[in-house]
Amino acid sequence: MTSPTDPSADDEWVQELARSWIEVYKKSATTLSLLRIIREHGPISAAGIAPLFAETTGWTLTDRGLYRTLRRLAESGVLSLEKVDVARTGAKRQDFALTPVGLAYLARIENELV
């Protein structure tokens, strides 16, 4: 505990507490936001998700962070992946959609929110 005569130490402690809370909150809120975007717009590619995520949350994700989170959700059975031909290129992209487990998971999270 800091001394009442040391407001700078209090300010530093408040900043550290807030920074820690924001880090945890953003991780949880990122999953919630991604699932909501995919529910509303899916099946959708990661390239389609990124601008919607930034618009919805005001945050940006690196491509690496976005793909890592989407892969984790797919590996846990929350998202399905479908390889789709990209017009005029012959390349394939991955479209993400919520699975029945993903829909139930999202509903459960939303029911728990205050």
# chains A, B, ... in the order shown; residues from 1 in each chain; ligands from 1
>>> select_by_dssp(residues="chain A", states="helix (DSSP H, G or I)", output="NGL selection string")
:A and (7-41 or 46-57 or 63-75 or 100-112)
>>> residues_around(residues="stretch 37-53 of chain A", least_positions_apart="6", cutoff="8 Å", atoms="only C-alpha atoms", output="list of chain:residue names")
A:Trp59, A:Thr60, A:Leu61, A:Leu66, A:Tyr67, A:Arg93, A:Gln94, A:Asp95, A:Phe96, A:Ala97, A:Leu98, A:Leu103
>>> atom_distance(atom1="atom CA of A:Gly77", atom2="atom CA of A:Pro100")
8.9 Å
>>> atom_distance(atom1="atom CA of A:Asn111", atom2="atom CA of A:Leu34")
16.8 Å
>>> atom_distance(atom1="atom CA of A:Ser28", atom2="atom CA of A:Glu16")
18.8 Å
>>> closest_residue(among="A:Arg68, A:Ala87, A:Pro7, A:Thr57", to="A:Ala29", atoms="only C-alpha atoms")
A:Thr57
>>> select_by_dssp(residues="chain A", states="strand (DSSP E)", output="list in words")
Ile44, Ser45, Leu79, Ser80, Leu81, Glu82, Lys83, Val84, Asp85, Lys92, Arg93, Gln94, Asp95, Phe96, Ala97 and Leu98 of chain A
